[in-house]
Amino acid sequence: MWANHGAPNADLAQMPEGTVGAKLLFTTAPVSEVPFLAGAPEWDAYVYADPNDTNPSPTSPRAVMKVRLLQIDIAVKDSRAKETGWIFGTFVYGGGPGGQPGNGWFNVAPVGVMWGNDPGYSGTGPLTQTWLNPEVHMPHVGYQGRLNGPVDNPISSCMSCHATAELPQGTMVTVRSRTPATAKSGRDDSSLMQLPESTFKGIASASCEINSIMNRESTNDQVMTKQ
Ligand code: HEC
C-alpha cells in the first residue's frame, strides 16, 4: 500500500473533503428475536450454519441463510471536525427497540454522530464530541455514552476503534490481550480515551483500518485470542 514500506507518508493518505465511507451490517437474528427488524431488507449470505456457535473455526460448516439489515455506519471526511477530520454516524433499523414500524431501506433512524473521542472526559456531565438522538432508545451505546452501534462493543466506540492508529507507532493499543473472560470482567477501554488529540490529527483512515482489524468487536475476541 505504501511506496516506502519502512517510512509511510501518511499525508498522502488524506481523503478529500466530503468523502463518505459506509458499511451495511446484516444479522442472522430473526424478527421473532429482534422485533424492530420487521420489514428489513433481506439478503442471502453464506454464513456459519450454526449462527449461535460462539467459537466457530474457519472450517465450521457454512450454509446459505437469510440475513437482515440491522445497522448502517457512515464516516464522512469533514473539516469541521477539527481534531479528527472525520464524523462518524450510525443508523439502526426500524429505529431500534420501540421504533416506528415500516419497511425497506429507508426505515432506519440515526442513533447519533461523533466527531471526536472526548479524550479526558471524566465520566460525568455531557460529552462534547458525541451527539445521541434522544428519539432512539438503544439498550446500550458505547463507552461512557460515546456513540456506538447496536452490535458494537459497549465498552468501545466508533472512534475508539477507528482512530487509534498513530505514526510513528508508539503505544500499541489493541484489545488483543483481552480474553473473553477479562472482557466479561468489564475491563474498559479508558486507555484509548487518554491518547492525546495529536494522535488523531491527520490520521489516515486507511491506517486506522489496519489497526482496527486488531480491535475486532467483542464477539470476535475469541478469534483474536487464538492467534
Ligand atoms: C470494535 C472496533 C470497531 C468499532 C467499535 C466500530 N468499528 Fe467500524 N469497522 C471496524 C472494522 C474492523 C472494520 C472493517 C470492516 C469489517 O471487518 O467489518 C470497520 C468498518 C467500518 C466502515 C467501512 C469503511 C471502512 O473503513 O472499512 C465504516 C464506515 C465504519 N466501520 C464506521 C463505524 C461507525 C460509524 C462506528 C460506530 C457506530 C464503528 N464503525 C464502530 C471496527 C470497528
# chains A, B, ... in the order shown; residues from 1 in each chain; ligands from 1
$ select_by_dssp --residues "segment 8-206 of chain A" --states "helix (DSSP H, G or I)" --output "PDB file with C-alpha atoms, in the first residue's frame"
ATOM      1  CA  ALA A  10       0.556   9.387   5.994  1.00  0.00           C
ATOM      2  CA  ASP A  11      -0.086  12.808   4.390  1.00  0.00           C
ATOM      3  CA  LEU A  12      -0.597  11.027   1.081  1.00  0.00           C
ATOM      4  CA  ALA A  13      -3.462   9.003   2.555  1.00  0.00           C
ATOM      5  CA  PRO A  35     -38.866  -7.275  16.524  1.00  0.00           C
ATOM      6  CA  PHE A  36     -37.512  -3.939  15.250  1.00  0.00           C
ATOM      7  CA  LEU A  37     -36.011  -5.802  12.273  1.00  0.00           C
ATOM      8  CA  TYR A 143     -18.138   3.547  26.499  1.00  0.00           C
ATOM      9  CA  GLN A 144     -19.451   6.235  28.895  1.00  0.00           C
ATOM     10  CA  GLY A 145     -22.182   7.151  26.417  1.00  0.00           C
ATOM     11  CA  CYS A 158     -16.724   4.263  16.745  1.00  0.00           C
ATOM     12  CA  MET A 159     -13.674   6.432  17.088  1.00  0.00           C
ATOM     13  CA  SER A 160     -12.182   4.375  19.852  1.00  0.00           C
ATOM     14  CA  CYS A 161     -11.666   1.700  17.222  1.00  0.00           C
ATOM     15  CA  HIS A 162     -11.272   3.802  14.113  1.00  0.00           C
ATOM     16  CA  PRO A 180     -13.454 -13.355  26.651  1.00  0.00           C
ATOM     17  CA  ALA A 181     -13.033 -13.790  30.412  1.00  0.00           C
ATOM     18  CA  THR A 182     -11.369 -10.435  31.006  1.00  0.00           C
ATOM     19  CA  ALA A 183     -13.830  -8.795  28.620  1.00  0.00           C
ATOM     20  CA  LYS A 184     -16.660 -10.084  30.820  1.00  0.00           C
ATOM     21  CA  SER A 190     -10.217   4.068  29.020  1.00  0.00           C
ATOM     22  CA  SER A 191      -6.601   3.774  27.955  1.00  0.00           C
ATOM     23  CA  LEU A 192      -7.814   4.536  24.433  1.00  0.00           C
ATOM     24  CA  MET A 193      -9.534   7.697  25.617  1.00  0.00           C
ATOM     25  CA  GLU A 197      -5.589  14.549  20.459  1.00  0.00           C
ATOM     26  CA  SER A 198      -2.440  14.950  18.408  1.00  0.00           C
ATOM     27  CA  THR A 199      -2.522  11.199  17.930  1.00  0.00           C
ATOM     28  CA  PHE A 200      -5.743  11.578  15.994  1.00  0.00           C
ATOM     29  CA  SER A 205      -8.413   6.247   7.805  1.00  0.00           C
ATOM     30  CA  ALA A 206      -6.614   3.623   5.787  1.00  0.00           C
TER      31      ALA A 206
END
$ closest_residue --among "A:Lys77, A:Lys66, A:Lys82, A:His5" --to "ligand 1" --atoms "only C-alpha atoms and all ligand atoms"
A:Lys77
$ select_by_dssp --residues "segment 48-171 of chain A" --states "strand (DSSP E)" --output "VMD selection string"
chain A and resid 48 62 to 77 86 to 93 108 to 114 130 to 132
$ write_last_selection --atoms "N, CA and C atoms" --output "mmCIF file, in the first residue's frame"
data_model
loop_
_atom_site.group_PDB
_atom_site.id
_atom_site.type_symbol
_atom_site.label_atom_id
_atom_site.label_comp_id
_atom_site.auth_asym_id
_atom_site.auth_seq_id
_atom_site.Cartn_x
_atom_site.Cartn_y
_atom_site.Cartn_z
ATOM 1 N N TYR A 48 -21.920 -19.062 8.784
ATOM 2 C CA TYR A 48 -21.823 -20.270 9.610
ATOM 3 C C TYR A 48 -23.208 -20.893 9.772
ATOM 4 N N ARG A 62 -20.770 -24.210 6.690
ATOM 5 C CA ARG A 62 -21.454 -22.981 6.294
ATOM 6 C C ARG A 62 -22.719 -23.324 5.530
ATOM 7 N N ALA A 63 -23.634 -22.378 5.477
ATOM 8 C CA ALA A 63 -24.885 -22.581 4.753
ATOM 9 C C ALA A 63 -25.394 -21.219 4.282
ATOM 10 N N VAL A 64 -26.240 -21.255 3.247
ATOM 11 C CA VAL A 64 -26.869 -20.009 2.793
ATOM 12 C C VAL A 64 -28.058 -19.725 3.702
ATOM 13 N N MET A 65 -28.029 -18.578 4.344
ATOM 14 C CA MET A 65 -29.119 -18.217 5.255
ATOM 15 C C MET A 65 -29.552 -16.779 5.008
ATOM 16 N N LYS A 66 -30.753 -16.462 5.466
ATOM 17 C CA LYS A 66 -31.260 -15.092 5.349
ATOM 18 C C LYS A 66 -30.584 -14.213 6.396
ATOM 19 N N VAL A 67 -30.108 -13.056 5.963
ATOM 20 C CA VAL A 67 -29.622 -12.063 6.918
ATOM 21 C C VAL A 67 -30.423 -10.774 6.698
ATOM 22 N N ARG A 68 -30.588 -10.014 7.763
ATOM 23 C CA ARG A 68 -31.414 -8.803 7.707
ATOM 24 C C ARG A 68 -30.592 -7.571 8.062
ATOM 25 N N LEU A 69 -30.924 -6.461 7.388
ATOM 26 C CA LEU A 69 -30.220 -5.196 7.645
ATOM 27 C C LEU A 69 -30.490 -4.730 9.071
ATOM 28 N N LEU A 70 -29.415 -4.514 9.834
ATOM 29 C CA LEU A 70 -29.551 -4.069 11.220
ATOM 30 C C LEU A 70 -29.012 -2.658 11.424
ATOM 31 N N GLN A 71 -27.916 -2.347 10.765
ATOM 32 C CA GLN A 71 -27.181 -1.131 11.117
ATOM 33 C C GLN A 71 -26.508 -0.589 9.856
ATOM 34 N N ILE A 72 -26.487 0.727 9.702
ATOM 35 C CA ILE A 72 -25.712 1.359 8.620
ATOM 36 C C ILE A 72 -24.737 2.330 9.269
ATOM 37 N N ASP A 73 -23.467 2.119 9.037
ATOM 38 C CA ASP A 73 -22.423 3.006 9.574
ATOM 39 C C ASP A 73 -21.926 3.920 8.468
ATOM 40 N N ILE A 74 -21.676 5.179 8.820
ATOM 41 C CA ILE A 74 -21.052 6.073 7.846
ATOM 42 C C ILE A 74 -19.887 6.809 8.495
ATOM 43 N N ALA A 75 -18.942 7.187 7.677
ATOM 44 C CA ALA A 75 -17.837 8.037 8.112
ATOM 45 C C ALA A 75 -17.675 9.104 7.036
ATOM 46 N N VAL A 76 -17.704 10.369 7.435
ATOM 47 C CA VAL A 76 -17.656 11.478 6.483
ATOM 48 C C VAL A 76 -16.446 12.346 6.789
ATOM 49 N N LYS A 77 -15.635 12.592 5.771
ATOM 50 C CA LYS A 77 -14.482 13.486 5.945
ATOM 51 C C LYS A 77 -15.013 14.914 5.955
ATOM 52 N N TRP A 86 -12.921 13.650 10.746
ATOM 53 C CA TRP A 86 -13.982 12.723 10.341
ATOM 54 C C TRP A 86 -15.181 12.837 11.276
ATOM 55 N N ILE A 87 -16.365 12.603 10.699
ATOM 56 C CA ILE A 87 -17.575 12.489 11.510
ATOM 57 C C ILE A 87 -18.134 11.085 11.289
ATOM 58 N N PHE A 88 -18.381 10.399 12.375
ATOM 59 C CA PHE A 88 -18.935 9.044 12.304
ATOM 60 C C PHE A 88 -20.410 9.087 12.705
ATOM 61 N N GLY A 89 -21.213 8.302 12.008
ATOM 62 C CA GLY A 89 -22.635 8.246 12.347
ATOM 63 C C GLY A 89 -23.143 6.835 12.155
ATOM 64 N N THR A 90 -24.188 6.498 12.889
ATOM 65 C CA THR A 90 -24.761 5.159 12.712
ATOM 66 C C THR A 90 -26.281 5.223 12.723
ATOM 67 N N PHE A 91 -26.876 4.363 11.913
ATOM 68 C CA PHE A 91 -28.332 4.265 11.809
ATOM 69 C C PHE A 91 -28.740 2.860 12.239
ATOM 70 N N VAL A 92 -29.860 2.778 12.962
ATOM 71 C CA VAL A 92 -30.339 1.454 13.387
ATOM 72 C C VAL A 92 -31.643 1.163 12.662
ATOM 73 N N TYR A 93 -31.798 -0.103 12.262
ATOM 74 C CA TYR A 93 -33.014 -0.462 11.535
ATOM 75 C C TYR A 93 -34.246 -0.289 12.419
ATOM 76 N N VAL A 108 -34.666 3.462 8.622
ATOM 77 C CA VAL A 108 -33.576 3.452 9.606
ATOM 78 C C VAL A 108 -33.594 4.787 10.339
ATOM 79 N N ALA A 109 -33.106 4.799 11.560
ATOM 80 C CA ALA A 109 -33.083 6.043 12.341
ATOM 81 C C ALA A 109 -31.650 6.317 12.805
ATOM 82 N N PRO A 110 -31.252 7.605 12.803
ATOM 83 C CA PRO A 110 -29.896 7.925 13.257
ATOM 84 C C PRO A 110 -29.774 7.737 14.773
ATOM 85 N N VAL A 111 -28.785 6.962 15.193
ATOM 86 C CA VAL A 111 -28.534 6.785 16.631
ATOM 87 C C VAL A 111 -27.761 7.996 17.161
ATOM 88 N N GLY A 112 -26.858 8.519 16.341
ATOM 89 C CA GLY A 112 -26.091 9.684 16.767
ATOM 90 C C GLY A 112 -24.910 9.910 15.856
ATOM 91 N N VAL A 113 -24.111 10.903 16.198
ATOM 92 C CA VAL A 113 -22.865 11.175 15.473
ATOM 93 C C VAL A 113 -21.760 11.447 16.487
ATOM 94 N N MET A 114 -20.541 11.207 16.082
ATOM 95 C CA MET A 114 -19.397 11.605 16.911
ATOM 96 C C MET A 114 -18.286 12.118 16.012
ATOM 97 N N THR A 130 -19.790 13.758 21.114
ATOM 98 C CA THR A 130 -20.793 12.772 20.700
ATOM 99 C C THR A 130 -22.148 13.423 20.832
ATOM 100 N N TRP A 131 -23.024 13.218 19.847
ATOM 101 C CA TRP A 131 -24.425 13.624 19.986
ATOM 102 C C TRP A 131 -25.287 12.385 19.770
ATOM 103 N N LEU A 132 -26.169 12.112 20.733
ATOM 104 C CA LEU A 132 -27.063 10.962 20.600
ATOM 105 C C LEU A 132 -28.471 11.461 20.330
#
$ atom_distance --atom1 "atom CA of Pro139 of chain A" --atom2 "atom CA of Asp50 of chain A"
25.2 Å
$ closest_residue --among "A:Tyr121, A:Phe106, A:Tyr46, A:Trp115" --to "ligand 1" --atoms "only C-alpha atoms and all ligand atoms"
A:Trp115
$ closest_residue --among "A:Pro97, A:Gly116, A:Pro30, A:Gly125" --to "Arg80 of chain A" --atoms "only C-alpha atoms"
A:Gly116
